[in-house]
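run.cif (mmCIF, C-alpha atoms)
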```cif
data_run
#
loop_
_atom_site.group_PDB
_atom_site.id
_atom_site.type_symbol
_atom_site.label_atom_id
_atom_site.label_comp_id
_atom_site.auth_asym_id
_atom_site.auth_seq_id
_atom_site.Cartn_x
_atom_site.Cartn_y
_atom_site.Cartn_z
ATOM 1 C CA MET A 1 135.816 10.323 60.352
ATOM 2 C CA ARG A 2 135.562 6.599 59.769
ATOM 3 C CA ARG A 3 135.906 5.954 63.484
ATOM 4 C CA CYS A 4 132.900 8.133 64.370
ATOM 5 C CA PRO A 5 130.359 5.262 64.486
ATOM 6 C CA LEU A 6 132.636 3.230 66.734
ATOM 7 C CA VAL A 7 133.106 6.172 69.081
ATOM 8 C CA LEU A 8 129.341 6.707 69.070
ATOM 9 C CA LEU A 9 128.741 3.055 69.973
ATOM 10 C CA LEU A 10 131.327 3.271 72.739
ATOM 11 C CA VAL A 11 129.704 6.417 74.170
ATOM 12 C CA LEU A 12 126.245 4.771 74.051
ATOM 13 C CA ALA A 13 127.564 1.644 75.754
ATOM 14 C CA LEU A 14 129.252 3.725 78.468
ATOM 15 C CA GLY A 15 126.025 5.707 78.953
ATOM 16 C CA ALA A 16 124.015 2.490 79.350
ATOM 17 C CA CYS A 17 126.533 1.131 81.885
ATOM 18 C CA SER A 18 126.469 4.399 83.807
ATOM 19 C CA ARG A 19 122.647 4.373 83.896
ATOM 20 C CA ALA A 20 122.577 0.772 85.129
ATOM 21 C CA GLN A 21 125.093 1.725 87.814
ATOM 22 C CA ASN A 22 122.894 4.677 88.884
ATOM 23 C CA ASP A 23 119.830 2.412 89.073
ATOM 24 C CA ARG A 24 121.716 -0.099 91.244
ATOM 25 C CA THR A 25 123.059 2.612 93.561
ATOM 26 C CA TYR A 26 119.579 4.145 93.932
ATOM 27 C CA ALA A 27 118.010 0.752 94.669
ATOM 28 C CA ARG A 28 120.693 -0.196 97.201
ATOM 29 C CA ASP A 29 120.543 3.152 99.020
ATOM 30 C CA LEU A 30 116.772 2.908 99.218
ATOM 31 C CA ALA A 31 116.886 -0.704 100.449
ATOM 32 C CA ALA A 32 119.394 0.306 103.141
ATOM 33 C CA ALA A 33 117.198 3.231 104.236
ATOM 34 C CA HIS A 34 114.122 0.979 104.501
ATOM 35 C CA ALA A 35 116.173 -1.569 106.440
ATOM 36 C CA SER A 36 117.194 1.205 108.880
ATOM 37 C CA ALA A 37 113.535 2.136 109.322
ATOM 38 C CA ASP A 38 112.696 -1.543 109.959
ATOM 39 C CA ARG A 39 115.431 -1.840 112.609
ATOM 40 C CA ALA A 40 114.711 1.486 114.316
ATOM 41 C CA ALA A 41 114.337 0.701 118.014
ATOM 42 C CA SER A 42 114.291 4.249 119.334
ATOM 43 C CA ASP A 43 112.873 7.576 118.221
ATOM 44 C CA GLU A 44 116.389 8.685 117.395
ATOM 45 C CA ASP A 45 116.895 5.665 115.098
ATOM 46 C CA ALA A 46 113.531 6.338 113.463
ATOM 47 C CA ARG A 47 114.484 9.979 112.824
ATOM 48 C CA ALA A 48 117.825 8.928 111.331
ATOM 49 C CA ALA A 49 115.991 6.528 109.002
ATOM 50 C CA ILE A 50 113.536 9.302 108.057
ATOM 51 C CA ARG A 51 116.434 11.647 107.244
ATOM 52 C CA GLU A 52 118.005 9.042 104.975
ATOM 53 C CA LEU A 53 114.675 8.335 103.223
ATOM 54 C CA GLN A 54 114.143 12.089 102.771
ATOM 55 C CA ARG A 55 117.623 12.470 101.287
ATOM 56 C CA ILE A 56 116.869 9.770 98.718
ATOM 57 C CA PHE A 57 113.402 11.195 98.021
ATOM 58 C CA ASP A 58 114.990 14.556 97.194
ATOM 59 C CA LEU A 59 117.420 12.984 94.706
ATOM 60 C CA PRO A 60 116.403 13.036 91.044
ATOM 61 C CA PRO A 61 115.059 9.483 90.551
ATOM 62 C CA PRO A 62 116.354 7.267 87.743
ATOM 63 C CA PRO A 63 114.055 7.089 84.715
ATOM 64 C CA GLY A 64 111.374 4.387 84.632
ATOM 65 C CA LYS A 65 108.172 3.458 86.406
ATOM 66 C CA GLU A 66 109.828 1.364 89.122
ATOM 67 C CA ALA A 67 111.821 4.326 90.397
ATOM 68 C CA ALA A 68 108.717 6.550 90.380
ATOM 69 C CA LEU A 69 106.799 3.898 92.367
ATOM 70 C CA LEU A 70 109.683 3.461 94.800
ATOM 71 C CA ARG A 71 109.710 7.216 95.334
ATOM 72 C CA GLN A 72 105.998 7.165 96.222
ATOM 73 C CA ASP A 73 106.684 4.233 98.531
ATOM 74 C CA ALA A 74 109.550 6.150 100.209
ATOM 75 C CA ALA A 75 107.212 9.093 100.880
ATOM 76 C CA ASP A 76 104.651 6.679 102.308
ATOM 77 C CA ARG A 77 107.316 5.129 104.552
ATOM 78 C CA ILE A 78 108.418 8.557 105.781
ATOM 79 C CA ALA A 79 104.797 9.458 106.588
ATOM 80 C CA ARG A 80 104.239 6.181 108.439
ATOM 81 C CA SER A 81 107.451 6.720 110.410
ATOM 82 C CA TYR A 82 106.198 10.150 111.489
ATOM 83 C CA LEU A 83 102.916 8.541 112.557
ATOM 84 C CA ARG A 84 104.874 6.119 114.749
ATOM 85 C CA LEU A 85 106.632 9.118 116.255
ATOM 86 C CA ARG A 86 103.131 10.551 116.930
ATOM 87 C CA GLU A 87 103.669 13.447 114.525
ATOM 88 C CA PRO A 88 100.579 13.239 112.293
ATOM 89 C CA ALA A 89 100.970 16.779 110.928
ATOM 90 C CA ALA A 90 104.401 15.888 109.477
ATOM 91 C CA ALA A 91 102.951 12.627 108.154
ATOM 92 C CA LEU A 92 100.136 14.523 106.447
ATOM 93 C CA THR A 93 102.621 16.957 104.862
ATOM 94 C CA TRP A 94 104.574 14.062 103.359
ATOM 95 C CA THR A 95 101.571 12.208 101.970
ATOM 96 C CA GLN A 96 100.196 15.391 100.427
ATOM 97 C CA ARG A 97 103.598 16.254 98.953
ATOM 98 C CA ALA A 98 103.873 12.868 97.253
ATOM 99 C CA LEU A 99 100.229 12.831 96.132
ATOM 100 C CA ALA A 100 100.667 16.256 94.519
ATOM 101 C CA GLU A 101 103.550 15.029 92.364
ATOM 102 C CA SER A 102 101.490 12.620 90.249
ATOM 103 C CA GLU A 103 97.815 11.848 89.808
ATOM 104 C CA ASP A 104 98.449 8.516 88.059
ATOM 105 C CA ALA A 105 96.368 5.720 89.562
ATOM 106 C CA THR A 106 98.916 3.377 91.129
ATOM 107 C CA VAL A 107 98.692 0.955 94.017
ATOM 108 C CA LEU A 108 101.144 3.185 95.889
ATOM 109 C CA ARG A 109 98.967 6.244 95.329
ATOM 110 C CA ALA A 110 96.206 4.306 97.062
ATOM 111 C CA ALA A 111 98.710 3.445 99.823
ATOM 112 C CA LEU A 112 99.547 7.137 100.247
ATOM 113 C CA LEU A 113 95.819 7.937 100.509
ATOM 114 C CA ILE A 114 95.448 5.289 103.252
ATOM 115 C CA THR A 115 98.376 6.796 105.181
ATOM 116 C CA GLU A 116 96.861 10.246 104.643
ATOM 117 C CA ALA A 117 93.629 8.917 106.152
ATOM 118 C CA ASP A 118 95.642 7.615 109.145
ATOM 119 C CA ALA A 119 97.210 11.054 109.635
ATOM 120 C CA LEU A 120 93.865 12.831 109.307
ATOM 121 C CA GLU A 121 92.300 10.395 111.775
ATOM 122 C CA ALA A 122 95.105 11.070 114.249
ATOM 123 C CA LEU A 123 94.409 14.793 113.820
ATOM 124 C CA GLY A 124 90.713 14.206 114.500
ATOM 125 C CA ARG A 125 89.548 15.197 111.004
ATOM 126 C CA ARG A 126 86.994 12.419 110.547
ATOM 127 C CA ASP A 127 85.211 13.630 107.413
ATOM 128 C CA GLU A 128 88.480 14.092 105.567
ATOM 129 C CA THR A 129 89.600 10.685 106.810
ATOM 130 C CA ARG A 130 86.593 9.034 105.229
ATOM 131 C CA ALA A 131 87.069 11.035 102.007
ATOM 132 C CA ALA A 132 90.706 9.910 101.791
ATOM 133 C CA LEU A 133 89.699 6.271 102.379
ATOM 134 C CA MET A 134 87.007 6.524 99.688
ATOM 135 C CA SER A 135 89.572 7.957 97.234
ATOM 136 C CA ALA A 136 91.932 5.116 98.076
ATOM 137 C CA LEU A 137 89.164 2.569 97.508
ATOM 138 C CA GLU A 138 88.270 4.179 94.176
ATOM 139 C CA THR A 139 91.902 4.000 92.977
ATOM 140 C CA ASN A 140 92.211 0.441 94.277
ATOM 141 C CA GLN A 141 89.060 -0.721 92.495
ATOM 142 C CA THR A 142 90.124 0.933 89.231
ATOM 143 C CA LEU A 143 93.402 -0.977 89.401
ATOM 144 C CA LEU A 144 91.724 -4.233 90.406
ATOM 145 C CA HIS A 145 89.385 -3.886 87.430
ATOM 146 C CA VAL A 146 92.401 -3.410 85.098
ATOM 147 C CA GLU A 147 94.105 -6.400 86.737
ATOM 148 C CA LEU A 148 91.036 -8.582 86.153
ATOM 149 C CA GLU A 149 90.725 -7.413 82.545
ATOM 150 C CA ASN A 150 94.424 -8.066 81.824
ATOM 151 C CA PRO A 151 95.545 -10.875 84.135
ATOM 152 C CA MET B 1 125.881 33.114 -20.733
ATOM 153 C CA SER B 2 123.081 35.584 -21.245
ATOM 154 C CA ASP B 3 122.508 38.552 -18.914
ATOM 155 C CA ASP B 4 118.882 38.916 -19.987
ATOM 156 C CA GLY B 5 117.702 38.449 -16.384
ATOM 157 C CA LEU B 6 119.759 41.399 -15.104
ATOM 158 C CA PRO B 7 118.151 44.823 -14.863
ATOM 159 C CA ARG B 8 119.159 47.065 -17.741
ATOM 160 C CA HIS B 9 118.726 50.265 -15.729
ATOM 161 C CA VAL B 10 120.016 51.005 -12.207
ATOM 162 C CA SER B 11 118.050 53.550 -10.307
ATOM 163 C CA GLU B 12 119.778 56.539 -8.729
ATOM 164 C CA GLU B 13 118.974 55.230 -5.231
ATOM 165 C CA ASP B 14 120.498 51.782 -5.919
ATOM 166 C CA ARG B 15 123.566 53.329 -7.440
ATOM 167 C CA SER B 16 124.074 55.456 -4.334
ATOM 168 C CA ARG B 17 123.849 52.370 -2.008
ATOM 169 C CA LEU B 18 126.317 50.462 -4.198
ATOM 170 C CA ASP B 19 128.792 53.309 -4.038
ATOM 171 C CA GLU B 20 128.574 53.363 -0.197
ATOM 172 C CA ALA B 21 129.264 49.598 0.101
ATOM 173 C CA THR B 22 132.288 49.598 -2.181
ATOM 174 C CA ALA B 23 133.771 52.889 -1.034
ATOM 175 C CA PRO B 24 137.026 52.758 1.007
ATOM 176 C CA PRO B 25 136.461 53.088 4.826
ATOM 177 C CA ASP B 26 136.469 56.499 6.300
ATOM 178 C CA ALA B 27 138.758 57.492 9.161
ATOM 179 C CA ARG B 28 136.427 56.285 11.972
ATOM 180 C CA GLU B 29 135.818 52.895 10.355
ATOM 181 C CA HIS B 30 139.531 52.588 9.655
ATOM 182 C CA ALA B 31 140.357 53.180 13.333
ATOM 183 C CA GLU B 32 137.808 50.573 14.492
ATOM 184 C CA LEU B 33 139.061 47.987 12.033
ATOM 185 C CA THR B 34 142.648 48.637 13.095
ATOM 186 C CA ALA B 35 141.754 48.042 16.767
ATOM 187 C CA ILE B 36 140.103 44.712 15.922
ATOM 188 C CA ALA B 37 143.100 43.672 13.872
ATOM 189 C CA ARG B 38 145.425 44.426 16.806
ATOM 190 C CA LEU B 39 143.292 42.353 19.148
ATOM 191 C CA VAL B 40 143.410 39.424 16.801
ATOM 192 C CA ALA B 41 147.155 39.842 16.395
ATOM 193 C CA VAL B 42 147.817 39.480 20.183
ATOM 194 C CA LYS B 43 145.472 36.485 20.720
ATOM 195 C CA ASP B 44 148.436 34.310 21.764
ATOM 196 C CA ASP B 45 148.790 36.444 24.907
ATOM 197 C CA PHE B 46 145.408 35.127 26.136
ATOM 198 C CA GLU B 47 146.444 31.515 25.994
ATOM 199 C CA LEU B 48 147.280 29.825 29.354
ATOM 200 C CA SER B 49 150.855 29.304 30.382
ATOM 201 C CA GLY B 50 152.021 25.799 31.293
ATOM 202 C CA GLU B 51 151.946 26.638 35.027
ATOM 203 C CA ALA B 52 148.423 28.027 34.856
ATOM 204 C CA ARG B 53 147.304 24.992 32.868
ATOM 205 C CA ALA B 54 148.731 22.688 35.598
ATOM 206 C CA ARG B 55 146.970 24.693 38.311
ATOM 207 C CA GLY B 56 143.712 24.466 36.427
ATOM 208 C CA LEU B 57 144.114 20.746 35.967
ATOM 209 C CA LEU B 58 144.696 20.268 39.689
ATOM 210 C CA ARG B 59 141.622 22.317 40.511
ATOM 211 C CA LEU B 60 139.548 20.368 38.011
ATOM 212 C CA GLU B 61 140.696 17.078 39.556
ATOM 213 C CA ARG B 62 139.844 18.384 43.021
ATOM 214 C CA ASP B 63 136.367 19.457 41.914
ATOM 215 C CA LEU B 64 135.787 16.111 40.256
ATOM 216 C CA ASP B 65 136.909 14.329 43.423
ATOM 217 C CA GLN B 66 134.507 16.366 45.582
ATOM 218 C CA HIS B 67 131.708 15.649 43.170
ATOM 219 C CA ALA B 68 132.505 11.934 43.343
ATOM 220 C CA ARG B 69 132.475 12.082 47.158
ATOM 221 C CA LYS B 70 129.058 13.712 47.141
ATOM 222 C CA LYS B 71 127.792 10.910 44.989
ATOM 223 C CA ARG B 72 129.217 8.228 47.306
ATOM 224 C CA PRO B 73 126.487 6.025 48.886
ATOM 225 C CA VAL B 74 125.320 7.178 52.335
ATOM 226 C CA VAL B 75 125.305 3.666 53.834
ATOM 227 C CA THR B 76 128.893 2.524 53.864
ATOM 228 C CA LEU B 77 130.302 -0.431 55.741
ATOM 229 C CA TRP B 78 131.151 1.780 58.728
ATOM 230 C CA TRP B 79 127.658 3.191 58.964
ATOM 231 C CA SER B 80 126.056 -0.211 58.557
ATOM 232 C CA LEU B 81 127.751 -1.492 61.755
ATOM 233 C CA PRO B 82 125.791 0.658 64.238
ATOM 234 C CA VAL B 83 122.597 0.047 62.246
ATOM 235 C CA ALA B 84 123.158 -3.689 62.486
ATOM 236 C CA ALA B 85 123.893 -3.369 66.223
ATOM 237 C CA ALA B 86 120.666 -1.404 66.746
ATOM 238 C CA VAL B 87 118.634 -4.005 64.846
ATOM 239 C CA LEU B 88 120.185 -6.795 66.906
ATOM 240 C CA PHE B 89 119.478 -4.885 70.131
ATOM 241 C CA ALA B 90 115.852 -4.299 69.099
ATOM 242 C CA TRP B 91 115.515 -7.980 68.308
ATOM 243 C CA LEU B 92 116.842 -8.965 71.723
ATOM 244 C CA LEU B 93 114.641 -6.533 73.678
ATOM 245 C CA PRO B 94 111.389 -8.520 73.689
ATOM 246 C CA MET B 95 113.336 -11.503 75.003
ATOM 247 C CA SER B 96 114.425 -9.685 78.169
ATOM 248 C CA PRO B 97 112.539 -10.933 81.254
ATOM 249 C CA ALA B 98 111.296 -7.525 82.442
ATOM 250 C CA PRO B 99 110.604 -4.797 79.912
ATOM 251 C CA GLU B 100 111.682 -1.403 81.210
ATOM 252 C CA ASP B 101 108.253 0.191 81.335
ATOM 253 C CA SER B 102 106.311 -2.603 82.985
ATOM 254 C CA PRO B 103 106.662 -2.599 86.760
ATOM 255 C CA PRO B 104 105.977 -5.822 88.641
ATOM 256 C CA ALA B 105 102.363 -6.933 88.828
ATOM 257 C CA THR B 106 100.448 -5.948 91.937
ATOM 258 C CA PRO B 107 97.559 -8.389 92.437
ATOM 259 C CA ALA B 108 98.567 -9.499 95.952
ATOM 260 C CA LEU B 109 99.014 -5.932 97.186
ATOM 261 C CA LEU B 110 95.818 -4.783 95.477
ATOM 262 C CA GLU B 111 93.802 -7.551 97.110
ATOM 263 C CA ALA B 112 95.290 -6.933 100.572
ATOM 264 C CA GLN B 113 94.741 -3.210 100.159
ATOM 265 C CA ASN B 114 91.132 -3.799 99.089
ATOM 266 C CA ALA B 115 90.496 -6.026 102.129
ATOM 267 C CA HIS B 116 92.006 -3.396 104.430
ATOM 268 C CA LEU B 117 89.963 -0.570 102.918
ATOM 269 C CA THR B 118 86.735 -2.563 102.980
ATOM 270 C CA ALA B 119 87.337 -3.454 106.618
ATOM 271 C CA ARG B 120 88.021 0.126 107.635
ATOM 272 C CA LEU B 121 85.059 1.567 105.760
ATOM 273 C CA THR B 122 82.614 -1.052 107.013
ATOM 274 C CA GLY B 123 83.956 -1.277 110.553
ATOM 275 C CA VAL B 124 84.848 -4.989 110.509
ATOM 276 C CA PRO B 125 88.136 -6.251 112.087
ATOM 277 C CA ASP B 126 91.151 -4.805 110.267
ATOM 278 C CA ALA B 127 93.521 -6.776 108.013
ATOM 279 C CA ARG B 128 96.283 -4.206 108.404
ATOM 280 C CA GLU B 129 99.136 -6.628 109.020
ATOM 281 C CA GLU B 130 98.481 -8.540 105.835
ATOM 282 C CA TYR B 131 98.360 -5.269 103.903
ATOM 283 C CA ASP B 132 101.681 -4.099 105.418
ATOM 284 C CA LEU B 133 103.345 -7.395 104.499
ATOM 285 C CA ALA B 134 102.025 -7.195 100.934
ATOM 286 C CA GLN B 135 103.377 -3.638 100.578
ATOM 287 C CA GLU B 136 106.765 -4.757 101.911
ATOM 288 C CA ALA B 137 106.843 -7.640 99.401
ATOM 289 C CA TYR B 138 105.943 -5.269 96.547
ATOM 290 C CA ARG B 139 108.715 -2.881 97.626
ATOM 291 C CA GLN B 140 111.255 -5.719 97.517
ATOM 292 C CA GLN B 141 110.024 -6.663 94.041
ATOM 293 C CA LEU B 142 110.442 -3.080 92.808
ATOM 294 C CA LEU B 143 113.912 -2.778 94.335
ATOM 295 C CA LEU B 144 114.976 -6.056 92.755
ATOM 296 C CA THR B 145 113.664 -5.007 89.341
ATOM 297 C CA LEU B 146 115.505 -1.684 89.504
ATOM 298 C CA GLU B 147 118.718 -3.342 90.646
ATOM 299 C CA LYS B 148 118.613 -5.913 87.841
ATOM 300 C CA ARG B 149 117.921 -3.361 85.115
#
```
Would you mind writing the file out in structure tokens?
Amino acid sequence: MRRCPLVLLLVLALGACSRAQNDRTYARDLAAAHASADRAASDEDARAAIRELQRIFDLPPPPGKEAALLRQDAADRIARSYLRLREPAAALTWTQRALAESEDATVLRAALLITEADALEALGRRDETRAALMSALETNQTLLHVELENP
Amino acid sequence: MSDDGLPRHVSEEDRSRLDEATAPPDAREHAELTAIARLVAVKDDFELSGEARARGLLRLERDLDQHARKKRPVVTLWWSLPVAAAVLFAWLLPMSPAPEDSPPATPALLEAQNAHLTARLTGVPDAREEYDLAQEAYRQQLLLTLEKR
């Protein structure tokens, strides 16, 4: 019974180490997937990079705001990759999927709205394009205002 | 000693009550009194044997020990260790360079994004490349923060 607190401390320490390890693995996998997308010279390379980004997007993200932002960024990267492959419908699906997950005003939400506007423009939906750009601008200005208030 | 204070005449009713009190017990009363006398006579049988007394003593000691344990202070040395560790950890937290719930600042990306949006909505030449570079730099910052955590 007397050893219970020590065991508890040990379990907590092991949990913290395991979490840090998960965070590192997630960050490294994501960095590698983005690097693959950067290097993609052919459509096949681009599709392989998209598959890897999708695999990471579907993983449960580690806790914390950074991981949530990186997940939004991964969705944005997938959508942009589809745009490069001239598949705006797939790009639109990915932006809308990521935008539906959270309505928090973040700089990456604004980025997703810009990519959504790109996809809509490529699909010839001009009114929706402008609406998406206006939403992005609104989010961006909200954040800029916060940034100016709390530098 | 004078008996002037005593009543000189006893009424018939009083005499009758006096006779009842001093009369020898009847058969029923005799039987009841005999039973009580027997009970008193065997009182030694109700006393505890040496073995039973020892068992009782052990049980009493055990109960007293449990009672003492219940009264023991909740914060012992062993419990104070994790509390002290938690306090130390809480003290160190504000000194860490990047608190867990504050992602890297975004002013550069916000400004590039704003320039890009303004350009697109007003039809002036686009600053897309600058915006892409700012987003890439922000991504690297986020990845680095997550890896260091």
Per residue of chain A within 6 Å of chain B, record the nearest atom pair and its distance in Å to one decimal, counting all atoms listed in the file, with rows in chain order and ascending residue number, as JSON lines.
```
{"residue": "A:Asp23", "atom": "CA", "partner": "B:Leu146", "partner_atom": "CA", "distance": 6.0}
{"residue": "A:Arg24", "atom": "CA", "partner": "B:Glu147", "partner_atom": "CA", "distance": 4.5}
{"residue": "A:Ala27", "atom": "CA", "partner": "B:Leu143", "partner_atom": "CA", "distance": 5.4}
{"residue": "A:Glu66", "atom": "CA", "partner": "B:Pro103", "partner_atom": "CA", "distance": 5.6}
```
I need the chosen residues saved as an mmCIF file, in the coordinates of the input, with C-alpha atoms.
```cif
data_model
loop_
_atom_site.group_PDB
_atom_site.id
_atom_site.type_symbol
_atom_site.label_atom_id
_atom_site.label_comp_id
_atom_site.auth_asym_id
_atom_site.auth_seq_id
_atom_site.Cartn_x
_atom_site.Cartn_y
_atom_site.Cartn_z
ATOM 1 C CA ASP A 23 119.830 2.412 89.073
ATOM 2 C CA ARG A 24 121.716 -0.099 91.244
ATOM 3 C CA ALA A 27 118.010 0.752 94.669
ATOM 4 C CA GLU A 66 109.828 1.364 89.122
#
```
Interatomic distance between atom CA of Val124 of chain B and atom CA of Pro88 of chain A?
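It comes out at 24.1 Å.
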Name the residues in contact with Leu123 of chain A at a cut-off of 10 Å, using all atoms listed in the file, excluding same-chain residues fewer than 3 positions from it; report them as a PyMOL selection string.
chain A and resi 87-89+92+117-120+126+129
Quick one: distance from atom CA of Glu121 of chain A to atom CA of Ala91 of chain A in Å, one decimal?
11.5 Å
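Picture a line from atom CA of Asp104 of chain A to atom CA of Leu144 of chain A; it runs 14.6 Å.
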Starting from the PyMOL selection byres ((chain A and resi 116) around 12), expand the selection into actual residues of this file and give them as a short mmCIF file (atom, residue, chain, number, x, y, z; two decimals) with C-alpha atoms, in the frame of the given file.
```
data_model
loop_
_atom_site.label_atom_id
_atom_site.label_comp_id
_atom_site.auth_asym_id
_atom_site.auth_seq_id
_atom_site.Cartn_x
_atom_site.Cartn_y
_atom_site.Cartn_z
CA ALA A 75 107.21 9.09 100.88
CA ASP A 76 104.65 6.68 102.31
CA ARG A 77 107.32 5.13 104.55
CA ILE A 78 108.42 8.56 105.78
CA ALA A 79 104.80 9.46 106.59
CA ARG A 80 104.24 6.18 108.44
CA TYR A 82 106.20 10.15 111.49
CA LEU A 83 102.92 8.54 112.56
CA PRO A 88 100.58 13.24 112.29
CA ALA A 89 100.97 16.78 110.93
CA ALA A 90 104.40 15.89 109.48
CA ALA A 91 102.95 12.63 108.15
CA LEU A 92 100.14 14.52 106.45
CA THR A 93 102.62 16.96 104.86
CA TRP A 94 104.57 14.06 103.36
CA THR A 95 101.57 12.21 101.97
CA GLN A 96 100.20 15.39 100.43
CA ARG A 97 103.60 16.25 98.95
CA ALA A 98 103.87 12.87 97.25
CA LEU A 99 100.23 12.83 96.13
CA ARG A 109 98.97 6.24 95.33
CA ALA A 110 96.21 4.31 97.06
CA ALA A 111 98.71 3.44 99.82
CA LEU A 112 99.55 7.14 100.25
CA LEU A 113 95.82 7.94 100.51
CA ILE A 114 95.45 5.29 103.25
CA THR A 115 98.38 6.80 105.18
CA ALA A 117 93.63 8.92 106.15
CA ASP A 118 95.64 7.62 109.14
CA ALA A 119 97.21 11.05 109.64
CA LEU A 120 93.86 12.83 109.31
CA GLU A 121 92.30 10.40 111.78
CA ALA A 122 95.10 11.07 114.25
CA LEU A 123 94.41 14.79 113.82
CA ARG A 125 89.55 15.20 111.00
CA ARG A 126 86.99 12.42 110.55
CA GLU A 128 88.48 14.09 105.57
CA THR A 129 89.60 10.68 106.81
CA ARG A 130 86.59 9.03 105.23
CA ALA A 131 87.07 11.04 102.01
CA ALA A 132 90.71 9.91 101.79
CA LEU A 133 89.70 6.27 102.38
CA MET A 134 87.01 6.52 99.69
CA SER A 135 89.57 7.96 97.23
CA ALA A 136 91.93 5.12 98.08
#
```
Would you please work out which residue, of A:Leu69, A:Ala74, A:Ala40, A:Ala100, is nearest to Phe57 of chain A when using only C-alpha atoms?
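Checking each of A:Leu69, A:Ala74, A:Ala40, A:Ala100 against Phe57 of chain A, counting only C-alpha atoms, the winner is A:Ala74.
All residues that come within 9 Å of the coordinates (114.2, 8.2, 104.4), counting all atoms listed in the file, are given as Leu30, Ala33, His34, Ser36, Ala37, Arg47, Ala48, Ala49, Ile50, Arg51, Glu52, Leu53, Gln54, Arg55, Ile56, Phe57, Ala74, Ala75, Arg77 and Ile78 of chain A.
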